[in-house]
>>> print(open('data_5.cif').read())   # mmCIF, C-alpha atoms
data_upload
#
loop_
_atom_site.label_atom_id
_atom_site.label_comp_id
_atom_site.auth_asym_id
_atom_site.auth_seq_id
_atom_site.Cartn_x
_atom_site.Cartn_y
_atom_site.Cartn_z
CA MET V 1 18.42 -11.89 41.86
CA GLN V 2 17.41 -13.36 45.24
CA VAL V 3 15.40 -11.54 47.89
CA SER V 4 15.03 -12.67 51.51
CA THR V 5 13.24 -10.85 54.31
CA GLN V 6 13.79 -10.88 58.06
CA ASN V 7 11.47 -9.19 60.51
CA ARG V 8 13.23 -7.10 63.17
CA ASN V 9 10.82 -5.93 65.90
CA LYS V 10 8.53 -3.49 64.08
CA GLY V 11 10.89 -3.25 61.16
CA ALA V 12 12.15 -5.54 58.43
CA VAL V 13 15.34 -6.13 56.47
CA ILE V 14 15.25 -7.09 52.81
CA SER V 15 18.54 -8.72 51.82
CA VAL V 16 19.17 -8.70 48.10
CA SER V 17 21.77 -10.69 46.18
CA GLY V 18 22.62 -10.71 42.48
CA ASP V 19 21.84 -8.05 39.89
CA ILE V 20 18.99 -5.57 40.16
CA ASP V 21 17.99 -4.68 36.63
CA LEU V 22 14.97 -4.12 34.38
CA TYR V 23 13.98 -7.76 34.59
CA THR V 24 14.50 -8.40 38.32
CA SER V 25 13.54 -5.10 39.96
CA PRO V 26 9.76 -5.86 39.79
CA ASP V 27 10.38 -8.69 42.31
CA LEU V 28 12.16 -6.32 44.67
CA ARG V 29 9.35 -3.81 44.23
CA LYS V 30 6.78 -6.45 45.13
CA GLU V 31 8.62 -7.29 48.36
CA ILE V 32 9.01 -3.63 49.34
CA ALA V 33 5.32 -2.95 48.63
CA LYS V 34 4.27 -5.99 50.70
CA LEU V 35 6.26 -4.84 53.74
CA ALA V 36 5.22 -1.21 53.32
CA LYS V 37 1.61 -2.37 53.40
CA LYS V 38 2.37 -3.87 56.83
CA LYS V 39 3.87 -0.50 57.79
CA LYS V 40 7.26 -1.95 58.69
CA ASN V 41 9.46 0.67 60.33
CA PRO V 42 12.29 0.87 59.60
CA LEU V 43 12.34 -0.84 56.25
CA VAL V 44 15.95 -1.59 55.41
CA VAL V 45 17.24 -2.81 52.05
CA ASP V 46 20.61 -4.49 52.43
CA LEU V 47 22.56 -4.34 49.15
CA GLU V 48 25.77 -5.97 50.37
CA GLN V 49 25.45 -8.88 47.92
CA VAL V 50 24.45 -6.74 44.94
CA ASP V 51 27.16 -6.31 42.31
CA TYR V 52 25.15 -4.44 39.70
CA MET V 53 22.11 -2.21 39.87
CA ASP V 54 20.66 -0.13 37.03
CA SER V 55 18.32 2.84 37.11
CA SER V 56 15.26 0.60 37.47
CA GLY V 57 16.76 -0.45 40.82
CA VAL V 58 17.14 3.17 41.88
CA ALA V 59 13.56 3.88 40.75
CA THR V 60 12.33 0.89 42.76
CA LEU V 61 14.06 2.20 45.87
CA VAL V 62 12.55 5.65 45.25
CA GLU V 63 9.16 3.93 45.31
CA GLY V 64 10.12 2.35 48.65
CA LEU V 65 10.85 5.81 49.95
CA GLN V 66 7.47 7.06 48.71
CA LEU V 67 5.52 4.08 50.14
CA THR V 68 7.12 4.25 53.61
CA GLY V 69 6.74 8.03 53.59
CA ARG V 70 2.96 7.57 53.52
CA TYR V 71 3.02 6.20 57.10
CA GLU V 72 6.06 8.25 58.15
CA GLY V 73 8.20 5.14 58.21
CA SER V 74 11.95 5.15 57.81
CA PHE V 75 13.34 3.68 54.56
CA ARG V 76 17.03 2.85 54.75
CA VAL V 77 19.60 1.50 52.34
CA ALA V 78 22.67 -0.33 53.61
CA SER V 79 26.01 -1.66 52.36
CA LEU V 80 26.36 -0.12 48.90
CA ASN V 81 29.43 -1.15 46.94
CA ASP V 82 31.19 1.49 44.86
CA GLY V 83 29.44 0.49 41.62
CA VAL V 84 25.96 0.70 43.14
CA ARG V 85 26.84 4.00 44.83
CA GLU V 86 27.85 5.40 41.43
CA VAL V 87 24.42 4.56 40.02
CA PHE V 88 22.78 6.53 42.85
CA GLU V 89 25.13 9.41 42.08
CA LEU V 90 24.45 9.12 38.33
CA ALA V 91 20.73 9.48 39.07
CA ARG V 92 21.61 12.35 41.44
CA LEU V 93 19.60 10.63 44.15
CA ASP V 94 22.42 9.71 46.50
CA LYS V 95 21.44 12.50 48.90
CA VAL V 96 17.75 11.54 48.93
CA PHE V 97 18.26 8.22 50.71
CA ASP V 98 19.36 7.39 54.23
CA VAL V 99 22.43 5.36 53.31
CA TYR V 100 24.32 3.32 55.91
CA ASP V 101 27.71 1.64 55.61
CA ASN V 102 26.41 -1.64 57.05
CA LEU V 103 23.31 -3.34 58.37
CA ASP V 104 24.18 -2.82 62.06
CA GLN V 105 24.35 0.92 61.55
CA ALA V 106 21.10 0.91 59.60
CA LEU V 107 19.34 -0.85 62.48
CA ALA V 108 20.87 1.19 65.29
CA GLY V 109 18.26 2.76 67.53
CA PHE V 110 15.56 0.27 66.55
CA MET C 1 41.99 -13.86 17.39
CA ASP C 2 41.97 -16.11 20.48
CA ALA C 3 38.83 -16.91 22.41
CA ALA C 4 39.75 -14.82 25.47
CA ALA C 5 40.26 -11.67 23.40
CA LYS C 6 37.05 -12.34 21.45
CA LYS C 7 35.06 -12.51 24.67
CA GLU C 8 36.10 -8.98 25.56
CA ASN C 9 34.75 -7.49 22.35
CA ALA C 10 31.19 -6.21 22.30
CA ILE C 11 31.41 -5.64 18.54
CA GLU C 12 33.69 -7.06 15.86
CA ILE C 13 33.63 -5.99 12.23
CA HIS C 14 35.46 -8.02 9.61
CA ASN C 15 36.06 -6.95 6.00
CA LEU C 16 32.92 -4.83 5.82
CA VAL C 17 32.07 -3.66 2.34
CA VAL C 18 29.26 -1.20 1.63
CA SER C 19 28.32 0.29 -1.71
CA PHE C 20 25.52 2.51 -2.90
CA GLY C 21 25.10 1.57 -6.55
CA SER C 22 28.55 1.74 -8.11
CA HIS C 23 29.85 4.02 -5.36
CA ARG C 24 31.93 2.14 -2.76
CA VAL C 25 31.35 3.78 0.65
CA LEU C 26 33.19 1.38 2.98
CA THR C 27 36.05 -0.85 1.90
CA ASP C 28 37.26 -3.82 3.95
CA VAL C 29 36.58 -2.14 7.28
CA ASP C 30 37.93 -4.05 10.26
CA MET C 31 37.37 -2.80 13.78
CA GLN C 32 36.62 -3.96 17.31
CA VAL C 33 34.72 -2.32 20.14
CA ARG C 34 35.69 -3.60 23.55
CA CYS C 35 33.15 -4.19 26.30
CA GLY C 36 32.81 -1.33 28.77
CA GLU C 37 34.82 1.10 26.66
CA THR C 38 33.92 4.23 24.70
CA THR C 39 34.98 3.98 21.07
CA VAL C 40 34.87 7.15 19.00
CA ILE C 41 34.55 6.88 15.23
CA LEU C 42 36.11 9.95 13.66
CA GLY C 43 36.31 11.21 10.13
CA GLY C 44 35.42 14.07 7.84
CA SER C 45 31.98 14.67 6.40
CA GLY C 46 30.98 11.97 3.95
CA CYS C 47 33.73 9.54 4.96
CA GLY C 48 31.24 6.79 5.84
CA LYS C 49 30.95 7.19 9.65
CA SER C 50 27.17 7.30 9.83
CA THR C 51 26.89 4.59 7.19
CA LEU C 52 29.10 2.37 9.32
CA LEU C 53 26.90 3.06 12.35
CA ARG C 54 23.71 2.27 10.44
CA HIS C 55 25.18 -1.10 9.48
CA ILE C 56 26.33 -1.91 13.03
CA ILE C 57 22.79 -1.41 14.32
CA GLY C 58 21.39 -3.52 11.50
CA LEU C 59 19.44 -0.82 9.68
CA ARG C 60 21.17 -1.86 6.46
CA LYS C 61 22.74 -5.03 5.16
CA PRO C 62 26.29 -4.77 3.80
CA GLN C 63 27.49 -6.07 0.45
CA GLY C 64 30.21 -8.05 2.17
CA GLY C 65 31.86 -8.84 5.50
CA ARG C 66 30.62 -9.74 8.97
CA ILE C 67 29.39 -7.67 11.90
CA LEU C 68 29.39 -9.49 15.24
CA VAL C 69 27.46 -7.86 18.07
CA LYS C 70 27.85 -9.73 21.34
CA ASN C 71 29.42 -12.55 19.33
CA ARG C 72 26.44 -12.92 16.98
CA ASP C 73 26.60 -12.11 13.29
CA ILE C 74 23.88 -9.54 12.68
CA THR C 75 24.27 -9.64 8.89
CA THR C 76 22.48 -12.99 8.85
CA MET C 77 19.84 -12.24 11.51
CA ASP C 78 16.14 -12.11 10.68
CA GLU C 79 13.91 -9.29 11.91
CA ASP C 80 12.85 -11.04 15.15
CA GLN C 81 16.41 -11.90 16.14
CA MET C 82 17.48 -8.35 15.41
CA SER C 83 14.60 -6.92 17.42
CA THR C 84 15.59 -9.03 20.46
CA LEU C 85 19.18 -7.91 20.19
CA LEU C 86 18.23 -4.26 19.81
CA ARG C 87 16.52 -4.30 23.22
CA LYS C 88 20.03 -4.27 24.69
CA VAL C 89 21.04 -1.41 22.44
CA GLY C 90 20.31 2.32 22.62
CA VAL C 91 20.71 4.66 19.68
CA VAL C 92 20.87 8.45 19.58
CA PHE C 93 20.15 9.39 15.98
CA GLN C 94 21.57 12.53 14.42
CA SER C 95 18.03 13.71 13.65
CA SER C 96 16.70 12.92 17.18
CA ALA C 97 13.88 10.81 15.66
CA LEU C 98 11.39 11.54 18.44
CA PHE C 99 7.73 10.61 17.99
CA ASN C 100 6.09 13.98 17.40
CA SER C 101 2.67 12.80 18.59
CA LEU C 102 4.00 11.81 22.03
CA THR C 103 5.16 14.00 24.90
CA ILE C 104 8.84 13.98 25.76
CA GLY C 105 8.07 11.85 28.83
CA ASP C 106 6.12 9.32 26.76
CA ASN C 107 8.94 9.19 24.19
CA VAL C 108 11.38 8.26 26.96
CA ALA C 109 8.96 5.84 28.63
CA LEU C 110 7.96 4.08 25.40
CA PRO C 111 10.75 1.45 25.30
CA LEU C 112 10.13 0.61 28.97
CA ARG C 113 6.38 0.20 28.39
CA GLU C 114 6.96 -1.89 25.28
CA HIS C 115 9.72 -4.20 26.48
CA THR C 116 9.57 -4.60 30.27
CA ARG C 117 7.09 -5.66 32.94
CA LEU C 118 7.92 -2.67 35.15
CA GLU C 119 5.00 -1.01 36.92
CA GLU C 120 3.90 2.32 35.48
CA SER C 121 4.95 4.03 38.74
CA THR C 122 8.52 2.71 38.32
CA ILE C 123 8.55 3.78 34.67
CA GLN C 124 7.46 7.29 35.61
CA ILE C 125 10.33 7.59 38.10
CA MET C 126 12.85 6.18 35.60
CA THR C 127 11.67 8.63 32.97
CA ARG C 128 12.17 11.54 35.33
CA ILE C 129 15.63 10.25 36.29
CA LYS C 130 16.66 10.05 32.62
CA LEU C 131 15.28 13.48 31.75
CA ASP C 132 17.09 14.94 34.74
CA MET C 133 20.35 13.33 33.57
CA VAL C 134 20.16 15.26 30.29
CA GLY C 135 19.06 18.51 31.93
CA LEU C 136 15.39 18.28 30.91
CA SER C 137 13.88 17.89 34.34
CA GLY C 138 10.30 19.18 34.30
CA PHE C 139 9.89 18.90 30.52
CA GLU C 140 8.13 15.53 30.50
CA HIS C 141 4.77 17.02 29.46
CA TYR C 142 6.18 19.06 26.56
CA MET C 143 5.67 17.99 22.97
CA PRO C 144 8.76 17.67 20.72
CA SER C 145 7.54 20.62 18.63
CA GLU C 146 7.75 22.82 21.72
CA LEU C 147 11.47 22.14 22.21
CA SER C 148 14.55 23.65 20.58
CA GLY C 149 16.82 21.49 18.39
CA GLY C 150 19.31 21.06 21.22
CA MET C 151 16.59 20.04 23.67
CA LYS C 152 15.21 17.49 21.20
CA LYS C 153 18.69 16.06 20.91
CA ARG C 154 18.92 15.70 24.67
CA ALA C 155 15.44 14.16 24.83
CA ALA C 156 16.55 11.65 22.20
CA PHE C 157 19.57 10.87 24.36
CA ALA C 158 17.30 10.30 27.37
CA ARG C 159 15.16 7.91 25.30
CA ALA C 160 18.23 6.03 24.09
CA ILE C 161 19.35 5.36 27.68
CA SER C 162 15.87 4.70 29.08
CA MET C 163 16.50 0.92 29.18
CA ASP C 164 20.08 1.27 30.50
CA PRO C 165 21.34 -0.43 27.33
CA GLU C 166 24.43 -2.62 27.28
CA ILE C 167 25.59 -0.83 24.14
CA LEU C 168 24.86 2.81 23.36
CA PHE C 169 25.39 4.28 19.87
CA CYS C 170 25.47 8.04 19.41
CA ASP C 171 25.55 9.65 15.98
CA GLU C 172 26.94 13.17 16.36
CA PRO C 173 25.44 13.60 19.86
CA SER C 174 26.71 17.12 20.42
CA ALA C 175 26.20 18.56 16.92
CA GLY C 176 24.17 21.74 17.20
CA LEU C 177 24.50 21.98 20.98
CA ASP C 178 26.09 24.89 22.78
CA PRO C 179 29.50 24.13 24.39
CA ILE C 180 28.11 23.89 27.91
CA VAL C 181 25.36 21.41 27.04
CA ALA C 182 27.79 19.48 24.81
CA ALA C 183 30.25 19.22 27.71
CA GLY C 184 27.39 18.00 29.92
CA LEU C 185 26.64 15.20 27.45
CA ASP C 186 30.33 14.24 27.34
CA GLU C 187 30.29 14.01 31.11
CA LEU C 188 27.12 11.91 31.06
CA ILE C 189 28.66 9.50 28.52
CA PHE C 190 31.65 9.10 30.82
CA LYS C 191 29.46 8.46 33.88
CA LEU C 192 27.19 5.97 32.04
CA LYS C 193 30.23 3.95 31.06
CA LYS C 194 31.62 3.99 34.58
CA ALA C 195 28.46 3.43 36.63
CA LEU C 196 26.47 1.15 34.31
CA LYS C 197 29.46 -0.43 32.56
CA MET C 198 27.98 0.56 29.23
CA THR C 199 29.80 -0.02 25.97
CA ILE C 200 29.53 3.20 23.99
CA VAL C 201 30.16 4.01 20.34
CA VAL C 202 30.17 7.68 19.38
CA VAL C 203 30.36 9.01 15.84
CA THR C 204 31.70 12.53 15.77
CA HIS C 205 34.18 14.87 14.18
CA GLU C 206 34.51 16.99 17.29
CA MET C 207 38.05 16.48 18.52
CA GLU C 208 37.57 18.09 21.92
CA SER C 209 34.75 15.73 22.75
CA MET C 210 36.78 12.76 21.48
CA TYR C 211 39.71 13.51 23.79
CA LYS C 212 37.30 13.72 26.75
CA ILE C 213 35.39 10.50 26.26
CA ALA C 214 37.34 8.08 24.06
CA ASP C 215 39.15 4.99 25.25
CA ARG C 216 39.76 4.06 21.64
CA VAL C 217 39.60 6.00 18.38
CA VAL C 218 38.82 4.67 14.93
CA MET C 219 39.36 7.09 12.08
CA LEU C 220 37.81 6.60 8.67
CA HIS C 221 38.95 8.23 5.47
CA GLU C 222 37.45 7.54 2.07
CA GLY C 223 35.69 4.48 3.48
CA LYS C 224 38.77 2.87 5.02
CA VAL C 225 40.08 2.66 8.56
CA ILE C 226 43.28 4.70 8.64
CA PHE C 227 43.78 4.67 12.41
CA SER C 228 42.67 2.51 15.31
CA GLY C 229 44.08 2.95 18.78
CA PRO C 230 43.97 5.00 21.98
CA PRO C 231 43.62 8.81 21.81
CA GLU C 232 47.18 9.42 23.00
CA GLU C 233 48.49 7.48 19.96
CA PHE C 234 46.06 9.30 17.69
CA ARG C 235 47.45 12.64 18.81
CA VAL C 236 50.97 11.70 17.60
CA CYS C 237 50.01 9.51 14.62
CA GLU C 238 52.02 10.44 11.50
CA HIS C 239 49.36 9.52 8.92
CA PRO C 240 48.93 12.68 6.79
CA ARG C 241 45.12 12.68 7.02
CA VAL C 242 45.24 12.18 10.80
CA ARG C 243 47.76 15.03 11.11
CA GLN C 244 45.50 17.23 9.01
CA PHE C 245 42.57 16.38 11.25
CA VAL C 246 44.52 16.91 14.49
CA GLU C 247 45.97 20.19 13.23
CA ARG C 248 42.65 21.31 11.70
CA ARG C 249 44.17 22.13 8.31
CA ALA C 250 41.98 22.72 5.23
CA ASP C 251 42.26 20.67 2.05
CA HIS C 252 44.30 22.39 -0.66
CA TYR C 253 43.83 21.50 -4.28
CA GLY C 254 46.85 20.66 -6.41
CA GLU C 255 47.71 22.66 -9.54
CA ASP C 256 46.51 19.83 -11.81
CA GLU C 257 43.12 19.76 -10.15
CA ILE C 258 42.71 23.54 -10.36
CA GLY C 259 43.77 23.39 -14.03
CA ARG C 260 41.18 20.71 -14.76
CA TYR C 261 38.45 22.69 -13.05
CA ALA C 262 39.37 25.91 -14.86
CA ARG C 263 39.55 24.18 -18.25
CA ALA C 264 36.18 22.50 -17.73
CA LEU C 265 34.57 25.75 -16.69
CA THR C 266 35.96 27.83 -19.55
CA SER C 267 35.28 25.21 -22.22
CA GLU C 268 31.57 25.23 -21.33
CA SER C 269 31.27 28.99 -21.70
#
>>> encode(input="data_5.cif", output="C-alpha cells")
Amino acid sequence: MQVSTQNRNKGAVISVSGDIDLYTSPDLRKEIAKLAKKKKNPLVVDLEQVDYMDSSGVATLVEGLQLTGRYEGSFRVASLNDGVREVFELARLDKVFDVYDNLDQALAGF
Amino acid sequence: MDAAAKKENAIEIHNLVVSFGSHRVLTDVDMQVRCGETTVILGGSGCGKSTLLRHIIGLRKPQGGRILVKNRDITTMDEDQMSTLLRKVGVVFQSSALFNSLTIGDNVALPLREHTRLEESTIQIMTRIKLDMVGLSGFEHYMPSELSGGMKKRAAFARAISMDPEILFCDEPSAGLDPIVAAGLDELIFKLKKALKMTIVVVTHEMESMYKIADRVVMLHEGKVIFSGPPEEFRVCEHPRVRQFVERRADHYGEDEIGRYARALTSES
C-alpha cells in the first residue's frame, strides 16, 4: 500500500493505492492521525486506487472520523470501487461516512 | 491437474485416509475447494465431516494422503509453519470454544492483539464491527457464561472472522440456532465471500442452508466422497444416498438385519 498526501488550502487529501489490510492499515492510520493533529479540514481519503480493503481499513477510517470530529472537521471518503463499497456495507457503516463519487466532488466548496 | 487450475484452488485433498484404531473413518477422499467460493461438506451424522475438517485445519495428521492449503502440504508442516498458515484461517468450532475467562469482546479481539500491530483503538472498533455483524452489538463486556448457546455460537463466529481470514471454516455454524438467526448467519457467510473474497468451507447437514450459501457441494457417506459438484446438480443426482438425503427419507432395515437383531436379542435372554 502507498500513501501520498497533498495539502489543499486548509484541508488535505490522502491518496491511497494498493490493498488496505491488517498489515498496511496502521500506516494509513498514522497519516490520518498526523493530519488530524494539524486540524486539516476537510480531510479527504481518496480510495480510487484501492482494489481491496478489509475491516481494519474501515476501522481506520472510523478513527479518522472520530479524530476530525474532535475539532469539528469534515472527514470525507472519495472514489470507492464496488468491492470497497461492499466492505463498508458489510460493516453497516456506509451511511456513517460522507462518501463522494470522486475527488472533485469531495473538495467542492473548499 | 494443470498449473492454471491448481492456482485457483485454495485447498486440494488427495487420497486422504484417516483411521481411528482399526476403524477407517475416511477412505481415499479427494476434493478441491476453489478460491473465493463457498464449499459445503454434507453428510449424515458420523460420516466423517468433522473429522475431515479437523484434518484440513491441521489439528490431526492423517494416516495417508495429502492436504494442500494454498498450495502447501500441511501434512508435513511443523508447528511453526502451521501456526503461520493458520493466521490466514478462521475456524468456527461446533462447540464455540470461547475462552471462558475473557469477555466476549476480548475473545474477538484476542487474535488481533496477538498477531497484528494494530493500535488498540483500531482493534476496539474492529471488535465492535464484528460483533455487530453477528447481531451481538453491545455484548462486548459480557462473559461467555452469561450468554445463551446460540449467542456463544455467534460470538465464536465473530472471533473466527476477526482477522478477515482468507479461508473460513465453519463446523455446523447454525446448529442449535433459531431459524431467524441461522438465516442471518447464512446471509453473513454470503456477504463475507462477496465483499472480502473469502474462501469458505461449511460443514453441515442442513439442506436449506446449503442451497442458500453453496457454490459447490461435497457429500460424504461412510467416509467416502459420493458427490462433488454444484448444488443444482446435487438436487438431481441419482445416487441413492444423495436422493435419500434430498428427499429426507429415513433408513429402513432389511429383513436379514432385523432377523439378526431379533435372534441376538432372544438368544441372550
>>> closest_residue(input="data_5.cif", among="V:Lys39, V:Lys30, V:Arg8, V:Lys95", to="Val77 in chain V", atoms="all atoms listed in the file")
V:Lys95
>>> residues_around(input="data_5.cif", residues="range 14-25 of chain V", least_positions_apart="6", cutoff="6 Å", atoms="all atoms listed in the file", output="list in words")
Met1, Gln2, Val3, Ser4, Thr5, Val45, Asp46, Leu47, Gln49, Val50, Tyr52, Met53, Asp54, Ser56 and Gly57 of chain V
>>> resolve_selection(input="data_5.cif", expression="the PyMOL selection byres ((chain V and resi 70) around 12)", output="PDB file with C-alpha atoms, in the coordinates of the input")
ATOM      1  CA  ALA V  33       5.320  -2.950  48.630  1.00  0.00           C
ATOM      2  CA  ALA V  36       5.220  -1.210  53.320  1.00  0.00           C
ATOM      3  CA  LYS V  37       1.610  -2.370  53.400  1.00  0.00           C
ATOM      4  CA  LYS V  38       2.370  -3.870  56.830  1.00  0.00           C
ATOM      5  CA  LYS V  39       3.870  -0.500  57.790  1.00  0.00           C
ATOM      6  CA  LYS V  40       7.260  -1.950  58.690  1.00  0.00           C
ATOM      7  CA  ASN V  41       9.460   0.670  60.330  1.00  0.00           C
ATOM      8  CA  GLU V  63       9.160   3.930  45.310  1.00  0.00           C
ATOM      9  CA  GLY V  64      10.120   2.350  48.650  1.00  0.00           C
ATOM     10  CA  LEU V  65      10.850   5.810  49.950  1.00  0.00           C
ATOM     11  CA  GLN V  66       7.470   7.060  48.710  1.00  0.00           C
ATOM     12  CA  LEU V  67       5.520   4.080  50.140  1.00  0.00           C
ATOM     13  CA  THR V  68       7.120   4.250  53.610  1.00  0.00           C
ATOM     14  CA  GLY V  69       6.740   8.030  53.590  1.00  0.00           C
ATOM     15  CA  TYR V  71       3.020   6.200  57.100  1.00  0.00           C
ATOM     16  CA  GLU V  72       6.060   8.250  58.150  1.00  0.00           C
ATOM     17  CA  GLY V  73       8.200   5.140  58.210  1.00  0.00           C
ATOM     18  CA  SER V  74      11.950   5.150  57.810  1.00  0.00           C
ATOM     19  CA  PHE V  75      13.340   3.680  54.560  1.00  0.00           C
TER      20      PHE V  75
END
>>> interface_residues(input="data_5.cif", of="chain C", to="chain V", cutoff="9 Å", atoms="only C-alpha atoms", output="ChimeraX atom specification")
/C:112,116-119,121-126,129-130,132-133,162-164,188,191-192,194-196
>>> closest_residue(input="data_5.cif", among="C:Asp106, C:Glu37, C:Asp73, C:Glu8", to="Met143 in chain C", atoms="all atoms listed in the file")
C:Asp106
>>> atom_distance(input="data_5.cif", atom1="CA of Thr75 in chain C", atom2="CA of His55 in chain C")
8.6 Å
>>> resolve_selection(input="data_5.cif", expression="the PyMOL selection byres ((chain C and resi 57) around 9)", output="NGL selection string")
:C and (52-56 or 58-60 or 69 or 74 or 82 or 86 or 89 or 91 or 169)
>>> write_last_selection(input="data_5.cif", atoms="C-alpha atoms", output="PDB file, in the coordinates of the input")
ATOM      1  CA  LEU C  52      29.100   2.370   9.320  1.00  0.00           C
ATOM      2  CA  LEU C  53      26.900   3.060  12.350  1.00  0.00           C
ATOM      3  CA  ARG C  54      23.710   2.270  10.440  1.00  0.00           C
ATOM      4  CA  HIS C  55      25.180  -1.100   9.480  1.00  0.00           C
ATOM      5  CA  ILE C  56      26.330  -1.910  13.030  1.00  0.00           C
ATOM      6  CA  GLY C  58      21.390  -3.520  11.500  1.00  0.00           C
ATOM      7  CA  LEU C  59      19.440  -0.820   9.680  1.00  0.00           C
ATOM      8  CA  ARG C  60      21.170  -1.860   6.460  1.00  0.00           C
ATOM      9  CA  VAL C  69      27.460  -7.860  18.070  1.00  0.00           C
ATOM     10  CA  ILE C  74      23.880  -9.540  12.680  1.00  0.00           C
ATOM     11  CA  MET C  82      17.480  -8.350  15.410  1.00  0.00           C
ATOM     12  CA  LEU C  86      18.230  -4.260  19.810  1.00  0.00           C
ATOM     13  CA  VAL C  89      21.040  -1.410  22.440  1.00  0.00           C
ATOM     14  CA  VAL C  91      20.710   4.660  19.680  1.00  0.00           C
ATOM     15  CA  PHE C 169      25.390   4.280  19.870  1.00  0.00           C
TER      16      PHE C 169
END
>>> decode(input="data_5.cif", residues="range 118-134 of chain C", atoms="N, CA and C atoms", output="PDB file, in the first residue's frame")
ATOM      1  N   LEU C 118      -1.864  -3.604  14.979  1.00  0.00           N
ATOM      2  CA  LEU C 118      -2.914  -2.586  15.002  1.00  0.00           C
ATOM      3  C   LEU C 118      -2.969  -1.921  16.368  1.00  0.00           C
ATOM      4  N   GLU C 119      -3.300  -0.620  16.364  1.00  0.00           N
ATOM      5  CA  GLU C 119      -3.475   0.102  17.625  1.00  0.00           C
ATOM      6  C   GLU C 119      -4.705  -0.446  18.356  1.00  0.00           C
ATOM      7  N   GLU C 120      -4.667  -0.342  19.673  1.00  0.00           N
ATOM      8  CA  GLU C 120      -5.783  -0.850  20.468  1.00  0.00           C
ATOM      9  C   GLU C 120      -7.109  -0.174  20.051  1.00  0.00           C
ATOM     10  N   SER C 121      -7.022   1.132  19.716  1.00  0.00           N
ATOM     11  CA  SER C 121      -8.252   1.838  19.317  1.00  0.00           C
ATOM     12  C   SER C 121      -8.849   1.225  18.048  1.00  0.00           C
ATOM     13  N   THR C 122      -7.994   0.826  17.100  1.00  0.00           N
ATOM     14  CA  THR C 122      -8.479   0.197  15.865  1.00  0.00           C
ATOM     15  C   THR C 122      -9.081  -1.170  16.193  1.00  0.00           C
ATOM     16  N   ILE C 123      -8.408  -1.895  17.074  1.00  0.00           N
ATOM     17  CA  ILE C 123      -8.896  -3.234  17.457  1.00  0.00           C
ATOM     18  C   ILE C 123     -10.276  -3.146  18.110  1.00  0.00           C
ATOM     19  N   GLN C 124     -10.442  -2.128  18.961  1.00  0.00           N
ATOM     20  CA  GLN C 124     -11.743  -1.962  19.628  1.00  0.00           C
ATOM     21  C   GLN C 124     -12.854  -1.734  18.606  1.00  0.00           C
ATOM     22  N   ILE C 125     -12.550  -0.908  17.591  1.00  0.00           N
ATOM     23  CA  ILE C 125     -13.571  -0.631  16.559  1.00  0.00           C
ATOM     24  C   ILE C 125     -13.850  -1.894  15.752  1.00  0.00           C
ATOM     25  N   MET C 126     -12.777  -2.614  15.373  1.00  0.00           N
ATOM     26  CA  MET C 126     -12.969  -3.855  14.604  1.00  0.00           C
ATOM     27  C   MET C 126     -13.803  -4.867  15.381  1.00  0.00           C
ATOM     28  N   THR C 127     -13.541  -4.952  16.674  1.00  0.00           N
ATOM     29  CA  THR C 127     -14.287  -5.896  17.515  1.00  0.00           C
ATOM     30  C   THR C 127     -15.769  -5.557  17.514  1.00  0.00           C
ATOM     31  N   ARG C 128     -16.057  -4.264  17.627  1.00  0.00           N
ATOM     32  CA  ARG C 128     -17.467  -3.856  17.625  1.00  0.00           C
ATOM     33  C   ARG C 128     -18.116  -4.111  16.272  1.00  0.00           C
ATOM     34  N   ILE C 129     -17.349  -3.890  15.196  1.00  0.00           N
ATOM     35  CA  ILE C 129     -17.878  -4.171  13.849  1.00  0.00           C
ATOM     36  C   ILE C 129     -18.249  -5.655  13.732  1.00  0.00           C
ATOM     37  N   LYS C 130     -17.340  -6.527  14.189  1.00  0.00           N
ATOM     38  CA  LYS C 130     -17.568  -7.968  14.046  1.00  0.00           C
ATOM     39  C   LYS C 130     -18.738  -8.441  14.919  1.00  0.00           C
ATOM     40  N   LEU C 131     -18.827  -7.901  16.130  1.00  0.00           N
ATOM     41  CA  LEU C 131     -19.949  -8.285  16.996  1.00  0.00           C
ATOM     42  C   LEU C 131     -21.270  -7.797  16.412  1.00  0.00           C
ATOM     43  N   ASP C 132     -21.238  -6.627  15.802  1.00  0.00           N
ATOM     44  CA  ASP C 132     -22.458  -6.122  15.170  1.00  0.00           C
ATOM     45  C   ASP C 132     -22.867  -7.012  13.991  1.00  0.00           C
ATOM     46  N   MET C 133     -21.885  -7.504  13.247  1.00  0.00           N
ATOM     47  CA  MET C 133     -22.183  -8.361  12.092  1.00  0.00           C
ATOM     48  C   MET C 133     -22.952  -9.618  12.495  1.00  0.00           C
ATOM     49  N   VAL C 134     -22.668 -10.121  13.705  1.00  0.00           N
ATOM     50  CA  VAL C 134     -23.343 -11.359  14.135  1.00  0.00           C
ATOM     51  C   VAL C 134     -24.518 -11.057  15.082  1.00  0.00           C
TER      52      VAL C 134
END
